[in-house]
Amino acid sequence: MNKTVLLFCLLTLGALYAQAQRTTLIQRVRIVDGSGAALVRGSVRIKDSVIVAVGQLQALSSDSLIDGKDQVLAPGFIDTHSHHFGDYDDDPSALATNSQGITTIVIGQDGSSYAVDTIRKLLKNNPVAVNVATYTGHTTLREQVLHNDLLRAATEKETVQMQNLLAQEMQKGSLGLSSGLEYEDAFYSSTQEVIELARTAARYKGSYASHIRSEDITLDAAIEEILTIGRIAKMPIQVSHIKIGLKDKWGTARSILDRLEKARSEGIQVTADVYPYDFWSSTLRVLFPKRDYSNLASAEFAVAHLFDPNRSVLVRYAPESSFVGKTVSAIATQRNEPSSRTLIELIEKADSFKKANPTYAYGVEAIAAKAMTEEDVTTFIEWPFANICSDGRSGGHPRGFGAFTKILRQYVREQHLLTLEEAVHKMTYLGALHTGIKNRGLIKEGYYADLVLLNPDTVADRSSLGEPTARSSGITAVWINGRITYREQKPSGERPGVFVNR
Ligand SMILES: [Zn+2]
């Protein structure tokens, strides 16, 4: 080897070594570590995708320095019930989640999921700026085995087939089983069928997350059902987006929590997630809990007990786009009929549209329905075993862009219902615990460097029904797996999201 070649080799090795040693030091931050502990001033060092030191740190020669300017550094938020994954074809920079500080989303919710292999492939072909974990959906398993014949319970043999499919997904890293028992394609399943599937998930140390069978007229029975599943399958169970969607039961959140706490005292590992809005968004069909969509008496019941037509807005309506953004009562006035009649007409028209356009990819209709009280929402948010979720995606309901920043603005800064530390805990580590995500959700040595730098004095949601995709303010920077994905209200262009295994 001649001298020039030797020198070149040494230089290359030196450069490689220096590169391997590169670290980033985020200095002068108030660290809220996600555990619920009081914030401390200090610095955080990251190397590659991992946090390597936390505390009073001196800068090293390998450090690139970032001045946190005394803002709050928290673990990146974990959204335990998300529908954002469908947005990433159009927006791999994941603006809806990054702009509110979310770094990991949990998908496969409400009973509908992609296969783990499919998600991995999608992430590989189209990298995104968010980490993704998934449940395996009960309804999806039903579709694979029962095909179009979904308005009945599965047989024992079919249940075994679904268990086998679920076991394969669990081996590939699914978090567990999700269900959407309120929706038609799962509503006619038996509790036994769900228990058998939950047991399969439990065998792999997975959990069960459920949009329970009713959030309104038979809410109590639906709560009992999920508790039964948790008791028999002996596994963690999560009530998805807990709410009281029946006017007659408004104000009773405390008694529901008393029931859940009694179950916890008996050893049932029940928890919940919740989003901070008093209106939900879903198909109009859920306003007919008896699934009799043309029954006027049922429509009148919905208007009287299930939602407020004066404050409920169509957020999607393919058959008649001019209805989007209008309240049900405004459309009723326009049509010169009562809101109950309008409800029936809207569903009928949507049905015909769907039949005429069977390949229509997006949901044909959706409503944001004012159906809860702020008092109940607050009670659920304050429950120590409730973590925060968005249940959102881009557009429609403002939660898709604002759920997490709304918590920091309204419940922490304006109303003092939660301390900053409590709120961050509910948006990070608690969600990781409830879903079975490891090594994320804390600012701690060895944990992944998913981080959000925010200004606690200005952080705020800006999205509303009128402007559902408005970006939050006060989110200064977001790191995912050690790389900055969002800064100065803009995506950085980096897309380091990974699939997160159970
Ligand atoms: Zn749901």
# chains A, B, ... in the order shown; residues from 1 in each chain; ligands from 1
>>> select_by_dssp(residues="range 168-366 of chain A", states="strand (DSSP E or B)", output="PyMOL selection string")
chain A and resi 176-180+207-211+237-239+270-274+279-282+313-317+327+365-366
>>> write_last_selection(atoms="C-alpha atoms", output="short mmCIF file (atom, residue, chain, number, x, y, z; two decimals), in the first residue's frame")
data_model
loop_
_atom_site.label_atom_id
_atom_site.label_comp_id
_atom_site.auth_asym_id
_atom_site.auth_seq_id
_atom_site.Cartn_x
_atom_site.Cartn_y
_atom_site.Cartn_z
CA GLY A 176 -53.70 -7.06 19.93
CA LEU A 177 -57.34 -7.12 18.96
CA SER A 178 -59.51 -4.11 18.23
CA SER A 179 -63.24 -4.11 17.70
CA GLY A 180 -65.93 -1.75 16.49
CA SER A 207 -54.35 -6.12 24.60
CA TYR A 208 -57.95 -5.52 23.54
CA ALA A 209 -59.18 -2.07 22.46
CA SER A 210 -62.85 -1.65 21.72
CA HIS A 211 -65.25 0.86 20.30
CA ILE A 237 -58.72 -3.87 27.92
CA GLN A 238 -59.10 -0.32 26.65
CA VAL A 239 -62.44 1.45 26.15
CA VAL A 270 -59.47 -1.73 32.28
CA THR A 271 -58.32 1.63 30.93
CA ALA A 272 -59.67 4.14 28.40
CA ASP A 273 -58.67 6.72 25.88
CA VAL A 274 -60.57 9.94 25.27
CA PHE A 279 -68.92 16.12 19.50
CA TRP A 280 -68.00 12.93 17.69
CA SER A 281 -67.64 12.27 13.98
CA SER A 282 -68.83 9.16 12.27
CA VAL A 313 -72.62 19.51 10.89
CA LEU A 314 -72.24 17.30 7.84
CA VAL A 315 -68.50 17.03 7.25
CA ARG A 316 -68.75 14.81 4.18
CA TYR A 317 -71.64 14.17 1.84
CA THR A 327 -76.09 21.70 10.23
CA GLU A 365 -71.07 10.60 4.33
CA ALA A 366 -69.96 11.71 7.78
#
>>> residues_around(residues="Ile367 in chain A", least_positions_apart="3", cutoff="12 Å", atoms="only C-alpha atoms", output="PyMOL selection string")
chain A and resi 279-287+307-309+311-317+323-328+343+346-347+363-364+370-371+395-397+465
>>> residues_around(residues="range 72-84 of chain A", least_positions_apart="2", cutoff="8 Å", atoms="only C-alpha atoms", output="PyMOL selection string")
chain A and resi 29-34+68+70+86-88+96-97+101-107+109+240-241+273+388-394+400+404+424+427-429+431-432+435+440-443+449-456+478-480
>>> closest_residue(among="A:Ala202, A:Lys243, A:Thr24, A:Asp89", to="ligand 1", atoms="only C-alpha atoms and all ligand atoms")
A:Lys243
>>> atom_distance(atom1="CA of Thr373 in chain A", atom2="CA of Ile407 in chain A")
16.2 Å
>>> residues_around(residues="Ser190 in chain A", least_positions_apart="4", cutoff="8 Å", atoms="only C-alpha atoms", output="PDB file with C-alpha atoms, in the first residue's frame")
ATOM      1  CA  ALA A 153     -72.407 -14.268  14.687  1.00  0.00           C
ATOM      2  CA  ALA A 154     -69.479 -16.365  13.494  1.00  0.00           C
ATOM      3  CA  VAL A 194     -64.936 -11.715  20.724  1.00  0.00           C
TER       4      VAL A 194
END
>>> select_by_dssp(residues="range 360-396 of chain A", states="alpha helix (DSSP H)", output="PyMOL selection string")
chain A and resi 374-382
>>> write_last_selection(atoms="all heavy atoms", output="mmCIF file, in the first residue's frame")
data_model
loop_
_atom_site.group_PDB
_atom_site.id
_atom_site.type_symbol
_atom_site.label_atom_id
_atom_site.label_comp_id
_atom_site.auth_asym_id
_atom_site.auth_seq_id
_atom_site.Cartn_x
_atom_site.Cartn_y
_atom_site.Cartn_z
ATOM 1 N N GLU A 374 -69.483 18.840 27.961
ATOM 2 C CA GLU A 374 -68.112 19.165 28.342
ATOM 3 C C GLU A 374 -67.800 18.600 29.733
ATOM 4 O O GLU A 374 -66.691 18.124 29.984
ATOM 5 C CB GLU A 374 -67.946 20.690 28.320
ATOM 6 C CG GLU A 374 -66.555 21.178 28.644
ATOM 7 C CD GLU A 374 -65.465 20.685 27.701
ATOM 8 O OE1 GLU A 374 -65.761 20.401 26.521
ATOM 9 O OE2 GLU A 374 -64.321 20.575 28.157
ATOM 10 N N GLU A 375 -68.794 18.626 30.607
ATOM 11 C CA GLU A 375 -68.595 18.151 31.980
ATOM 12 C C GLU A 375 -68.173 16.665 31.991
ATOM 13 O O GLU A 375 -67.218 16.276 32.666
ATOM 14 C CB GLU A 375 -69.909 18.342 32.750
ATOM 15 C CG GLU A 375 -69.886 17.912 34.190
ATOM 16 C CD GLU A 375 -71.307 17.710 34.745
ATOM 17 O OE1 GLU A 375 -72.303 18.075 34.061
ATOM 18 O OE2 GLU A 375 -71.401 17.160 35.859
ATOM 19 N N ASP A 376 -68.870 15.849 31.195
ATOM 20 C CA ASP A 376 -68.496 14.422 31.133
ATOM 21 C C ASP A 376 -67.127 14.243 30.479
ATOM 22 O O ASP A 376 -66.307 13.447 30.942
ATOM 23 C CB ASP A 376 -69.539 13.631 30.330
ATOM 24 C CG ASP A 376 -70.839 13.422 31.109
ATOM 25 O OD1 ASP A 376 -70.786 13.342 32.357
ATOM 26 O OD2 ASP A 376 -71.904 13.337 30.454
ATOM 27 N N VAL A 377 -66.889 14.993 29.403
ATOM 28 C CA VAL A 377 -65.597 14.884 28.708
ATOM 29 C C VAL A 377 -64.464 15.182 29.696
ATOM 30 O O VAL A 377 -63.467 14.450 29.790
ATOM 31 C CB VAL A 377 -65.544 15.861 27.504
ATOM 32 C CG1 VAL A 377 -64.142 15.902 26.898
ATOM 33 C CG2 VAL A 377 -66.575 15.463 26.448
ATOM 34 N N THR A 378 -64.653 16.239 30.479
ATOM 35 C CA THR A 378 -63.637 16.632 31.457
ATOM 36 C C THR A 378 -63.427 15.550 32.506
ATOM 37 O O THR A 378 -62.292 15.219 32.867
ATOM 38 C CB THR A 378 -64.070 17.946 32.145
ATOM 39 O OG1 THR A 378 -64.229 18.944 31.140
ATOM 40 C CG2 THR A 378 -63.051 18.404 33.164
ATOM 41 N N THR A 379 -64.528 14.993 32.997
ATOM 42 C CA THR A 379 -64.420 13.933 34.012
ATOM 43 C C THR A 379 -63.624 12.754 33.471
ATOM 44 O O THR A 379 -62.766 12.200 34.164
ATOM 45 C CB THR A 379 -65.829 13.475 34.454
ATOM 46 O OG1 THR A 379 -66.554 14.623 34.901
ATOM 47 C CG2 THR A 379 -65.763 12.448 35.574
ATOM 48 N N PHE A 380 -63.881 12.387 32.228
ATOM 49 C CA PHE A 380 -63.137 11.272 31.635
ATOM 50 C C PHE A 380 -61.660 11.633 31.450
ATOM 51 O O PHE A 380 -60.773 10.826 31.720
ATOM 52 C CB PHE A 380 -63.747 10.870 30.284
ATOM 53 C CG PHE A 380 -65.063 10.141 30.406
ATOM 54 C CD1 PHE A 380 -66.138 10.468 29.577
ATOM 55 C CD2 PHE A 380 -65.229 9.119 31.322
ATOM 56 C CE1 PHE A 380 -67.351 9.799 29.677
ATOM 57 C CE2 PHE A 380 -66.446 8.439 31.431
ATOM 58 C CZ PHE A 380 -67.511 8.782 30.606
ATOM 59 N N ILE A 381 -61.401 12.857 30.995
ATOM 60 C CA ILE A 381 -60.004 13.265 30.776
ATOM 61 C C ILE A 381 -59.216 13.223 32.089
ATOM 62 O O ILE A 381 -58.048 12.831 32.123
ATOM 63 C CB ILE A 381 -59.953 14.674 30.140
ATOM 64 C CG1 ILE A 381 -60.370 14.592 28.667
ATOM 65 C CG2 ILE A 381 -58.553 15.298 30.262
ATOM 66 C CD1 ILE A 381 -60.500 15.935 27.979
ATOM 67 N N GLU A 382 -59.869 13.588 33.178
ATOM 68 C CA GLU A 382 -59.163 13.644 34.465
ATOM 69 C C GLU A 382 -58.923 12.263 35.077
ATOM 70 O O GLU A 382 -58.120 12.130 36.003
ATOM 71 C CB GLU A 382 -59.972 14.494 35.458
ATOM 72 C CG GLU A 382 -59.936 15.970 35.135
ATOM 73 C CD GLU A 382 -60.738 16.798 36.131
ATOM 74 O OE1 GLU A 382 -61.941 16.498 36.328
ATOM 75 O OE2 GLU A 382 -60.172 17.725 36.720
#
>>> residues_around(residues="Ser62 in chain A", least_positions_apart="3", cutoff="8 Å", atoms="only C-alpha atoms", output="MDAnalysis selection string")
chainID A and resid 18 21:24
>>> closest_residue(among="A:Ala332, A:Pro491, A:Leu408, A:Ala369", to="Glu421 in chain A", atoms="only C-alpha atoms")
A:Leu408
>>> atom_distance(atom1="CA of Arg341 in chain A", atom2="CA of Leu296 in chain A")
6.8 Å
